[in-house]
Amino acid sequence: MNVVMLRHQLRSEPSFEIDESFIRDLVRDLHRVDARIYWIDLLSTAAVGWTAFAFAVAAPLFSFRMFAWEAVAVFSLYRALCFMHEISHQNQRSLPGFELVWNLLVGYPILMPSFMYCGVHQNHHKLTTYGTAQDPEYLPFARSRRLTILFALESFLIPVFLLVRFFILGPISLFSKVFAEKLVIYASSLAMNLHYRRQATPALVAKVRRHSAAIITLWGFAAMAAFGGWLPLRTFLIWLMVCSVISFVNTIRTLGAHAYESSGEPLDRLGQLLDSIDTPGRFWTELWAPVGLRYHALHHYFPGIPYHNLGEAYRRITASVAVGASYQKVTSPSLQHSLRMLYEKAGKWN
């Protein structure tokens, strides 16, 4: 039975229920954050990523060595970037100083500071907004092949949009409070739903301007180093290539994270679970869905479990005689399988 038929069957079967209290007891001890794992993972991953990036810059342009080092940089920096997702779910008490260091090592250099995700991603989890027009991370891909293909292709251009946002629009926002508010509302969220609008509170506007100033300063030093001959100009070309591939990989992962079958009405927690997909896969799954993102359905059911415990939570739940067989029905064997099912569903609407 394919995923499409299965999900429709699950929705039509009132017998498909999960004993929430039972599952909560299974994973009750897995909500504690181990800060050491976060710090070691982030620092080592960022170190590998930027070292590989430097070797790619030093290699002959368009050589095999350059592309090989770029591949290492892509998957290492992509993993480091995905800690943004964890930052949006964990608080400062659990990980003091982590967001600041992450911004300096990853967010600012890649032009994806934490403010673009924190405070936005939460709307993707709320029971009142998930799958609706107010969900920043949801589109009806299951109804349109054209939308799915365009979404995948435009991901290569996201780094260009970020350059415009931070180095053309960003400086203007530093001198105009009105423009800064507009920028917060329309262009300060990592949202694939173009109709999503963010509330420009005074505190958020001030925060965005501070981060924007820090990014402009950091990149200003890089620009001066390049014009002074200390930094090769092709560094920016390599940056664009690496970030474009990172954006594409993340977009493909996003397409495989949900069934995207919501009718636009709010879904309860069980509904979110059935509309989401786990892809435990083999060890290489960690390349395209790092930092716990391969357990996306489980994450929607228990968004507070830190990434380093999601694998154990999944094993406990699926091994349970009481709920394991039912829960495994929201598991996909591979990303390719999930994407193919999504494409086939969309074909029925076209």
# chains A, B, ... in the order shown; residues from 1 in each chain; ligands from 1
call {"tool": "residues_around", "arguments": {"residues": "A:Thr279", "least_positions_apart": "4", "cutoff": "8 Å", "atoms": "only C-alpha atoms", "output": "PyMOL selection string"}}
result
chain A and resi 285+294-296+331-335
call {"tool": "write_last_selection", "arguments": {"atoms": "N, CA and C atoms", "output": "PDB file, in the first residue's frame"}}
result
ATOM      1  N   THR A 285      21.306   9.312   5.710  1.00  0.00           N
ATOM      2  CA  THR A 285      20.132  10.170   5.853  1.00  0.00           C
ATOM      3  C   THR A 285      20.480  11.411   6.665  1.00  0.00           C
ATOM      4  N   ARG A 294      15.302  14.144  10.448  1.00  0.00           N
ATOM      5  CA  ARG A 294      14.737  12.954   9.790  1.00  0.00           C
ATOM      6  C   ARG A 294      13.585  12.364  10.602  1.00  0.00           C
ATOM      7  N   TYR A 295      13.481  12.763  11.862  1.00  0.00           N
ATOM      8  CA  TYR A 295      12.346  12.326  12.690  1.00  0.00           C
ATOM      9  C   TYR A 295      11.315  13.459  12.758  1.00  0.00           C
ATOM     10  N   HIS A 296      10.843  13.894  11.607  1.00  0.00           N
ATOM     11  CA  HIS A 296      10.032  15.105  11.566  1.00  0.00           C
ATOM     12  C   HIS A 296       8.627  14.896  12.138  1.00  0.00           C
ATOM     13  N   THR A 331       6.099   6.408   8.807  1.00  0.00           N
ATOM     14  CA  THR A 331       7.515   6.338   8.446  1.00  0.00           C
ATOM     15  C   THR A 331       7.671   6.072   6.956  1.00  0.00           C
ATOM     16  N   SER A 332       8.570   6.798   6.316  1.00  0.00           N
ATOM     17  CA  SER A 332       8.876   6.596   4.900  1.00  0.00           C
ATOM     18  C   SER A 332      10.221   5.876   4.782  1.00  0.00           C
ATOM     19  N   PRO A 333      10.365   4.983   3.803  1.00  0.00           N
ATOM     20  CA  PRO A 333      11.634   4.266   3.652  1.00  0.00           C
ATOM     21  C   PRO A 333      12.772   5.134   3.136  1.00  0.00           C
ATOM     22  N   SER A 334      12.441   6.240   2.450  1.00  0.00           N
ATOM     23  CA  SER A 334      13.503   7.082   1.897  1.00  0.00           C
ATOM     24  C   SER A 334      12.940   8.422   1.461  1.00  0.00           C
ATOM     25  N   LEU A 335      13.822   9.387   1.272  1.00  0.00           N
ATOM     26  CA  LEU A 335      13.424  10.685   0.752  1.00  0.00           C
ATOM     27  C   LEU A 335      12.875  10.554  -0.661  1.00  0.00           C
TER      28      LEU A 335
END
call {"tool": "select_by_dssp", "arguments": {"residues": "stretch 135-223 of chain A", "states": "helix (DSSP H, G or I)", "output": "number ranges by chain"}}
result
A: 141-143, 145-175, 177-187, 202-223
call {"tool": "write_last_selection", "arguments": {"atoms": "C-alpha atoms", "output": "tab-separated table (two decimals), in the first residue's frame"}}
result
chain	number	residue	atom	x	y	z
A	141	PHE	CA	2.31	20.85	-2.66
A	142	ALA	CA	0.09	17.74	-2.70
A	143	ARG	CA	-2.24	19.61	-5.07
A	145	ARG	CA	3.18	19.67	-9.33
A	146	ARG	CA	3.97	23.08	-10.77
A	147	LEU	CA	4.18	24.64	-7.32
A	148	THR	CA	6.45	21.84	-6.11
A	149	ILE	CA	8.85	22.15	-9.04
A	150	LEU	CA	9.00	25.95	-8.85
A	151	PHE	CA	9.62	25.79	-5.11
A	152	ALA	CA	12.56	23.44	-5.65
A	153	LEU	CA	14.11	25.49	-8.47
A	154	GLU	CA	13.78	28.92	-6.84
A	155	SER	CA	15.73	27.64	-3.84
A	156	PHE	CA	18.95	28.16	-5.81
A	157	LEU	CA	18.21	31.90	-5.87
A	158	ILE	CA	17.63	32.31	-2.13
A	159	PRO	CA	21.25	33.41	-1.44
A	160	VAL	CA	20.80	36.16	-4.04
A	161	PHE	CA	17.62	37.33	-2.32
A	162	LEU	CA	19.50	37.36	1.00
A	163	LEU	CA	22.27	39.51	-0.48
A	164	VAL	CA	19.68	42.04	-1.66
A	165	ARG	CA	17.81	41.93	1.65
A	166	PHE	CA	20.87	42.52	3.86
A	167	PHE	CA	23.12	44.73	1.72
A	168	ILE	CA	20.64	46.87	-0.19
A	169	LEU	CA	17.52	46.95	1.98
A	170	GLY	CA	19.32	46.37	5.29
A	171	PRO	CA	21.33	49.62	5.33
A	172	ILE	CA	18.21	51.62	4.49
A	173	SER	CA	16.44	50.11	7.51
A	174	LEU	CA	19.19	51.40	9.79
A	175	PHE	CA	18.28	54.99	8.91
A	177	LYS	CA	12.37	53.20	11.38
A	178	VAL	CA	9.33	53.03	9.11
A	179	PHE	CA	11.27	51.11	6.49
A	180	ALA	CA	12.70	48.86	9.21
A	181	GLU	CA	9.17	47.96	10.33
A	182	LYS	CA	8.16	47.13	6.76
A	183	LEU	CA	11.26	44.99	6.37
A	184	VAL	CA	10.36	43.04	9.51
A	185	ILE	CA	6.84	42.44	8.26
A	186	TYR	CA	7.66	41.42	4.69
A	187	ALA	CA	11.31	40.31	4.54
A	202	PRO	CA	9.24	47.55	18.73
A	203	ALA	CA	11.43	44.92	20.42
A	204	LEU	CA	11.62	42.79	17.28
A	205	VAL	CA	12.36	45.77	15.04
A	206	ALA	CA	15.21	46.82	17.34
A	207	LYS	CA	16.56	43.26	17.43
A	208	VAL	CA	16.49	42.93	13.63
A	209	ARG	CA	18.29	46.26	13.21
A	210	ARG	CA	21.01	45.19	15.68
A	211	HIS	CA	21.59	41.92	13.88
A	212	SER	CA	21.52	43.65	10.50
A	213	ALA	CA	24.16	46.12	11.66
A	214	ALA	CA	26.35	43.25	12.90
A	215	ILE	CA	26.04	41.45	9.56
A	216	ILE	CA	26.87	44.57	7.57
A	217	THR	CA	29.91	45.17	9.77
A	218	LEU	CA	31.17	41.58	9.46
A	219	TRP	CA	30.71	41.48	5.72
A	220	GLY	CA	32.17	44.98	5.44
A	221	PHE	CA	35.45	43.70	6.88
A	222	ALA	CA	35.36	40.79	4.42
A	223	ALA	CA	34.81	43.20	1.52
call {"tool": "select_by_dssp", "arguments": {"residues": "stretch 64-299 of chain A", "states": "strand (DSSP E or B)", "output": "number ranges by chain"}}
result
A: 258, 276, 278, 295
call {"tool": "write_last_selection", "arguments": {"atoms": "N, CA and C atoms", "output": "PDB file, in the first residue's frame"}}
result
ATOM      1  N   HIS A 258       6.637  16.454   4.982  1.00  0.00           N
ATOM      2  CA  HIS A 258       5.193  16.398   5.216  1.00  0.00           C
ATOM      3  C   HIS A 258       4.475  15.784   4.023  1.00  0.00           C
ATOM      4  N   SER A 276       2.790  14.409   8.722  1.00  0.00           N
ATOM      5  CA  SER A 276       4.244  14.554   8.772  1.00  0.00           C
ATOM      6  C   SER A 276       4.905  13.201   8.541  1.00  0.00           C
ATOM      7  N   ASP A 278       8.418  10.632   9.105  1.00  0.00           N
ATOM      8  CA  ASP A 278       9.709  10.230   9.654  1.00  0.00           C
ATOM      9  C   ASP A 278      10.468   9.465   8.569  1.00  0.00           C
ATOM     10  N   TYR A 295      13.481  12.763  11.862  1.00  0.00           N
ATOM     11  CA  TYR A 295      12.346  12.326  12.690  1.00  0.00           C
ATOM     12  C   TYR A 295      11.315  13.459  12.758  1.00  0.00           C
TER      13      TYR A 295
END
call {"tool": "residues_around", "arguments": {"residues": "stretch 123-139 of chain A", "least_positions_apart": "5", "cutoff": "10 Å", "atoms": "only C-alpha atoms", "output": "PyMOL selection string"}}
result
chain A and resi 118+144+147-148+151+189-198+254-255+258+260-269+271-272+275+299-301+303
call {"tool": "write_last_selection", "arguments": {"atoms": "C-alpha atoms", "output": "PDB file, in the first residue's frame"}}
result
ATOM      1  CA  CYS A 118      12.989  32.159  15.911  1.00  0.00           C
ATOM      2  CA  SER A 144       0.198  21.135  -7.525  1.00  0.00           C
ATOM      3  CA  LEU A 147       4.183  24.644  -7.320  1.00  0.00           C
ATOM      4  CA  THR A 148       6.447  21.842  -6.113  1.00  0.00           C
ATOM      5  CA  PHE A 151       9.624  25.791  -5.108  1.00  0.00           C
ATOM      6  CA  SER A 189      11.229  35.556   8.017  1.00  0.00           C
ATOM      7  CA  LEU A 190      12.406  32.263   6.560  1.00  0.00           C
ATOM      8  CA  ALA A 191       8.955  31.501   5.249  1.00  0.00           C
ATOM      9  CA  MET A 192       7.942  29.689   2.084  1.00  0.00           C
ATOM     10  CA  ASN A 193       4.380  30.962   2.385  1.00  0.00           C
ATOM     11  CA  LEU A 194       4.567  34.344   0.633  1.00  0.00           C
ATOM     12  CA  HIS A 195       1.342  35.451   2.318  1.00  0.00           C
ATOM     13  CA  TYR A 196       2.829  35.114   5.784  1.00  0.00           C
ATOM     14  CA  ARG A 197       3.195  38.436   7.609  1.00  0.00           C
ATOM     15  CA  ARG A 198       5.184  39.002  10.763  1.00  0.00           C
ATOM     16  CA  THR A 254      11.338  20.210   3.366  1.00  0.00           C
ATOM     17  CA  LEU A 255       9.320  18.653   0.537  1.00  0.00           C
ATOM     18  CA  HIS A 258       5.193  16.398   5.216  1.00  0.00           C
ATOM     19  CA  TYR A 260       1.053  18.451   2.585  1.00  0.00           C
ATOM     20  CA  GLU A 261      -2.521  17.193   2.520  1.00  0.00           C
ATOM     21  CA  SER A 262      -4.034  19.812   4.822  1.00  0.00           C
ATOM     22  CA  SER A 263      -7.218  21.355   3.463  1.00  0.00           C
ATOM     23  CA  GLY A 264      -6.334  24.669   5.090  1.00  0.00           C
ATOM     24  CA  GLU A 265      -8.169  23.956   8.318  1.00  0.00           C
ATOM     25  CA  PRO A 266      -6.293  23.629  11.638  1.00  0.00           C
ATOM     26  CA  LEU A 267      -5.141  20.120  12.566  1.00  0.00           C
ATOM     27  CA  ASP A 268      -4.890  18.670  16.057  1.00  0.00           C
ATOM     28  CA  ARG A 269      -1.723  16.980  17.278  1.00  0.00           C
ATOM     29  CA  GLY A 271      -3.529  15.345  12.496  1.00  0.00           C
ATOM     30  CA  GLN A 272      -0.083  16.951  12.429  1.00  0.00           C
ATOM     31  CA  ASP A 275       0.550  14.822   7.867  1.00  0.00           C
ATOM     32  CA  HIS A 299       9.261  16.159  16.302  1.00  0.00           C
ATOM     33  CA  HIS A 300       5.786  17.537  15.560  1.00  0.00           C
ATOM     34  CA  TYR A 301       4.296  15.274  18.201  1.00  0.00           C
ATOM     35  CA  PRO A 303       8.601  19.355  19.686  1.00  0.00           C
TER      36      PRO A 303
END
call {"tool": "closest_residue", "arguments": {"among": "A:Met112, A:Ala52, A:Met341, A:Ser320", "to": "A:Ala68", "atoms": "only C-alpha atoms"}}
result
A:Ala52
call {"tool": "decode", "arguments": {"residues": "stretch 48-98 of chain A", "atoms": "N, CA and C atoms", "output": "mmCIF file, in the first residue's frame"}}
result
data_model
loop_
_atom_site.group_PDB
_atom_site.id
_atom_site.type_symbol
_atom_site.label_atom_id
_atom_site.label_comp_id
_atom_site.auth_asym_id
_atom_site.auth_seq_id
_atom_site.Cartn_x
_atom_site.Cartn_y
_atom_site.Cartn_z
ATOM 1 N N VAL A 48 34.816 22.084 10.612
ATOM 2 C CA VAL A 48 35.004 21.280 9.395
ATOM 3 C C VAL A 48 34.462 22.024 8.177
ATOM 4 N N GLY A 49 33.286 22.618 8.320
ATOM 5 C CA GLY A 49 32.662 23.314 7.200
ATOM 6 C C GLY A 49 33.473 24.479 6.678
ATOM 7 N N TRP A 50 33.938 25.345 7.585
ATOM 8 C CA TRP A 50 34.686 26.523 7.136
ATOM 9 C C TRP A 50 36.107 26.176 6.699
ATOM 10 N N THR A 51 36.667 25.098 7.273
ATOM 11 C CA THR A 51 37.973 24.639 6.797
ATOM 12 C C THR A 51 37.855 24.115 5.374
ATOM 13 N N ALA A 52 36.821 23.320 5.120
ATOM 14 C CA ALA A 52 36.590 22.820 3.762
ATOM 15 C C ALA A 52 36.315 23.969 2.800
ATOM 16 N N PHE A 53 35.589 24.971 3.275
ATOM 17 C CA PHE A 53 35.312 26.151 2.453
ATOM 18 C C PHE A 53 36.621 26.852 2.077
ATOM 19 N N ALA A 54 37.521 26.993 3.034
ATOM 20 C CA ALA A 54 38.806 27.643 2.766
ATOM 21 C C ALA A 54 39.628 26.854 1.756
ATOM 22 N N PHE A 55 39.610 25.526 1.872
ATOM 23 C CA PHE A 55 40.328 24.695 0.905
ATOM 24 C C PHE A 55 39.700 24.805 -0.483
ATOM 25 N N ALA A 56 38.387 24.950 -0.542
ATOM 26 C CA ALA A 56 37.722 25.117 -1.836
ATOM 27 C C ALA A 56 38.132 26.428 -2.484
ATOM 28 N N VAL A 57 38.263 27.473 -1.680
ATOM 29 C CA VAL A 57 38.703 28.772 -2.194
ATOM 30 C C VAL A 57 40.142 28.688 -2.693
ATOM 31 N N ALA A 58 40.979 27.943 -1.981
ATOM 32 C CA ALA A 58 42.391 27.831 -2.339
ATOM 33 C C ALA A 58 42.632 26.936 -3.547
ATOM 34 N N ALA A 59 41.679 26.035 -3.832
ATOM 35 C CA ALA A 59 41.851 25.104 -4.952
ATOM 36 C C ALA A 59 41.680 25.830 -6.287
ATOM 37 N N PRO A 60 42.263 25.282 -7.374
ATOM 38 C CA PRO A 60 42.070 25.883 -8.695
ATOM 39 C C PRO A 60 40.582 25.986 -9.028
ATOM 40 N N LEU A 61 40.167 27.110 -9.587
ATOM 41 C CA LEU A 61 38.756 27.366 -9.868
ATOM 42 C C LEU A 61 38.173 26.299 -10.790
ATOM 43 N N PHE A 62 37.033 25.741 -10.402
ATOM 44 C CA PHE A 62 36.294 24.725 -11.157
ATOM 45 C C PHE A 62 37.081 23.428 -11.330
ATOM 46 N N SER A 63 38.022 23.180 -10.460
ATOM 47 C CA SER A 63 38.770 21.924 -10.494
ATOM 48 C C SER A 63 38.022 20.861 -9.690
ATOM 49 N N PHE A 64 38.449 19.611 -9.841
ATOM 50 C CA PHE A 64 37.834 18.529 -9.072
ATOM 51 C C PHE A 64 38.030 18.765 -7.574
ATOM 52 N N ARG A 65 39.233 19.244 -7.207
ATOM 53 C CA ARG A 65 39.500 19.519 -5.793
ATOM 54 C C ARG A 65 38.545 20.561 -5.229
ATOM 55 N N MET A 66 38.286 21.592 -6.024
ATOM 56 C CA MET A 66 37.382 22.635 -5.564
ATOM 57 C C MET A 66 35.989 22.070 -5.292
ATOM 58 N N PHE A 67 35.469 21.283 -6.229
ATOM 59 C CA PHE A 67 34.129 20.720 -6.066
ATOM 60 C C PHE A 67 34.081 19.710 -4.917
ATOM 61 N N ALA A 68 35.164 18.964 -4.722
ATOM 62 C CA ALA A 68 35.206 17.996 -3.627
ATOM 63 C C ALA A 68 35.153 18.703 -2.276
ATOM 64 N N TRP A 69 35.959 19.762 -2.125
ATOM 65 C CA TRP A 69 35.940 20.522 -0.876
ATOM 66 C C TRP A 69 34.610 21.243 -0.695
ATOM 67 N N GLU A 70 34.015 21.695 -1.791
ATOM 68 C CA GLU A 70 32.702 22.339 -1.710
ATOM 69 C C GLU A 70 31.654 21.369 -1.185
ATOM 70 N N ALA A 71 31.721 20.120 -1.626
ATOM 71 C CA ALA A 71 30.758 19.120 -1.160
ATOM 72 C C ALA A 71 30.872 18.932 0.347
ATOM 73 N N VAL A 72 32.094 18.867 0.852
ATOM 74 C CA VAL A 72 32.299 18.747 2.301
ATOM 75 C C VAL A 72 31.758 19.989 3.009
ATOM 76 N N ALA A 73 32.027 21.152 2.437
ATOM 77 C CA ALA A 73 31.548 22.405 3.032
ATOM 78 C C ALA A 73 30.029 22.468 3.043
ATOM 79 N N VAL A 74 29.399 22.029 1.956
ATOM 80 C CA VAL A 74 27.941 22.075 1.857
ATOM 81 C C VAL A 74 27.290 21.287 2.981
ATOM 82 N N PHE A 75 27.675 20.016 3.125
ATOM 83 C CA PHE A 75 26.989 19.176 4.105
ATOM 84 C C PHE A 75 27.391 19.507 5.544
ATOM 85 N N SER A 76 28.606 19.987 5.749
ATOM 86 C CA SER A 76 29.013 20.384 7.096
ATOM 87 C C SER A 76 28.322 21.675 7.527
ATOM 88 N N LEU A 77 28.353 22.670 6.656
ATOM 89 C CA LEU A 77 27.717 23.948 6.990
ATOM 90 C C LEU A 77 26.196 23.822 7.022
ATOM 91 N N TYR A 78 25.656 22.927 6.210
ATOM 92 C CA TYR A 78 24.210 22.687 6.252
ATOM 93 C C TYR A 78 23.817 22.117 7.617
ATOM 94 N N ARG A 79 24.618 21.182 8.112
ATOM 95 C CA ARG A 79 24.337 20.632 9.437
ATOM 96 C C ARG A 79 24.420 21.732 10.491
ATOM 97 N N ALA A 80 25.476 22.548 10.402
ATOM 98 C CA ALA A 80 25.622 23.641 11.362
ATOM 99 C C ALA A 80 24.448 24.612 11.264
ATOM 100 N N LEU A 81 24.000 24.897 10.048
ATOM 101 C CA LEU A 81 22.879 25.810 9.854
ATOM 102 C C LEU A 81 21.601 25.269 10.482
ATOM 103 N N CYS A 82 21.414 23.952 10.425
ATOM 104 C CA CYS A 82 20.177 23.351 10.935
ATOM 105 C C CYS A 82 20.025 23.469 12.448
ATOM 106 N N PHE A 83 21.082 23.882 13.140
ATOM 107 C CA PHE A 83 20.938 24.131 14.573
ATOM 108 C C PHE A 83 20.004 25.316 14.829
ATOM 109 N N MET A 84 19.738 26.104 13.797
ATOM 110 C CA MET A 84 18.753 27.172 13.909
ATOM 111 C C MET A 84 17.406 26.601 14.356
ATOM 112 N N HIS A 85 17.089 25.424 13.859
ATOM 113 C CA HIS A 85 15.832 24.768 14.217
ATOM 114 C C HIS A 85 15.797 24.440 15.706
ATOM 115 N N GLU A 86 16.912 23.954 16.231
ATOM 116 C CA GLU A 86 16.978 23.645 17.653
ATOM 117 C C GLU A 86 16.922 24.915 18.501
ATOM 118 N N ILE A 87 17.577 25.969 18.039
ATOM 119 C CA ILE A 87 17.562 27.231 18.773
ATOM 120 C C ILE A 87 16.138 27.753 18.926
ATOM 121 N N SER A 88 15.312 27.536 17.898
ATOM 122 C CA SER A 88 13.929 28.024 17.941
ATOM 123 C C SER A 88 13.082 27.252 18.949
ATOM 124 N N HIS A 89 13.527 26.047 19.330
ATOM 125 C CA HIS A 89 12.744 25.220 20.258
ATOM 126 C C HIS A 89 13.317 25.184 21.669
ATOM 127 N N GLN A 90 14.589 25.475 21.829
ATOM 128 C CA GLN A 90 15.201 25.444 23.150
ATOM 129 C C GLN A 90 15.348 26.868 23.677
ATOM 130 N N ASN A 91 15.385 27.007 24.979
ATOM 131 C CA ASN A 91 15.463 28.346 25.562
ATOM 132 C C ASN A 91 16.887 28.680 26.002
ATOM 133 N N GLN A 92 17.088 29.928 26.355
ATOM 134 C CA GLN A 92 18.407 30.408 26.739
ATOM 135 C C GLN A 92 18.915 29.723 28.006
ATOM 136 N N ARG A 93 18.012 29.275 28.863
ATOM 137 C CA ARG A 93 18.442 28.611 30.090
ATOM 138 C C ARG A 93 19.050 27.248 29.794
ATOM 139 N N SER A 94 18.528 26.587 28.775
ATOM 140 C CA SER A 94 19.061 25.272 28.403
ATOM 141 C C SER A 94 20.400 25.394 27.693
ATOM 142 N N LEU A 95 20.532 26.439 26.855
ATOM 143 C CA LEU A 95 21.741 26.614 26.050
ATOM 144 C C LEU A 95 22.230 28.063 26.130
ATOM 145 N N PRO A 96 22.698 28.503 27.282
ATOM 146 C CA PRO A 96 23.149 29.902 27.399
ATOM 147 C C PRO A 96 24.311 30.206 26.462
ATOM 148 N N GLY A 97 24.174 31.297 25.712
ATOM 149 C CA GLY A 97 25.225 31.732 24.805
ATOM 150 C C GLY A 97 25.257 31.018 23.461
ATOM 151 N N PHE A 98 24.467 29.976 23.311
ATOM 152 C CA PHE A 98 24.524 29.159 22.099
ATOM 153 C C PHE A 98 24.063 29.943 20.875
#
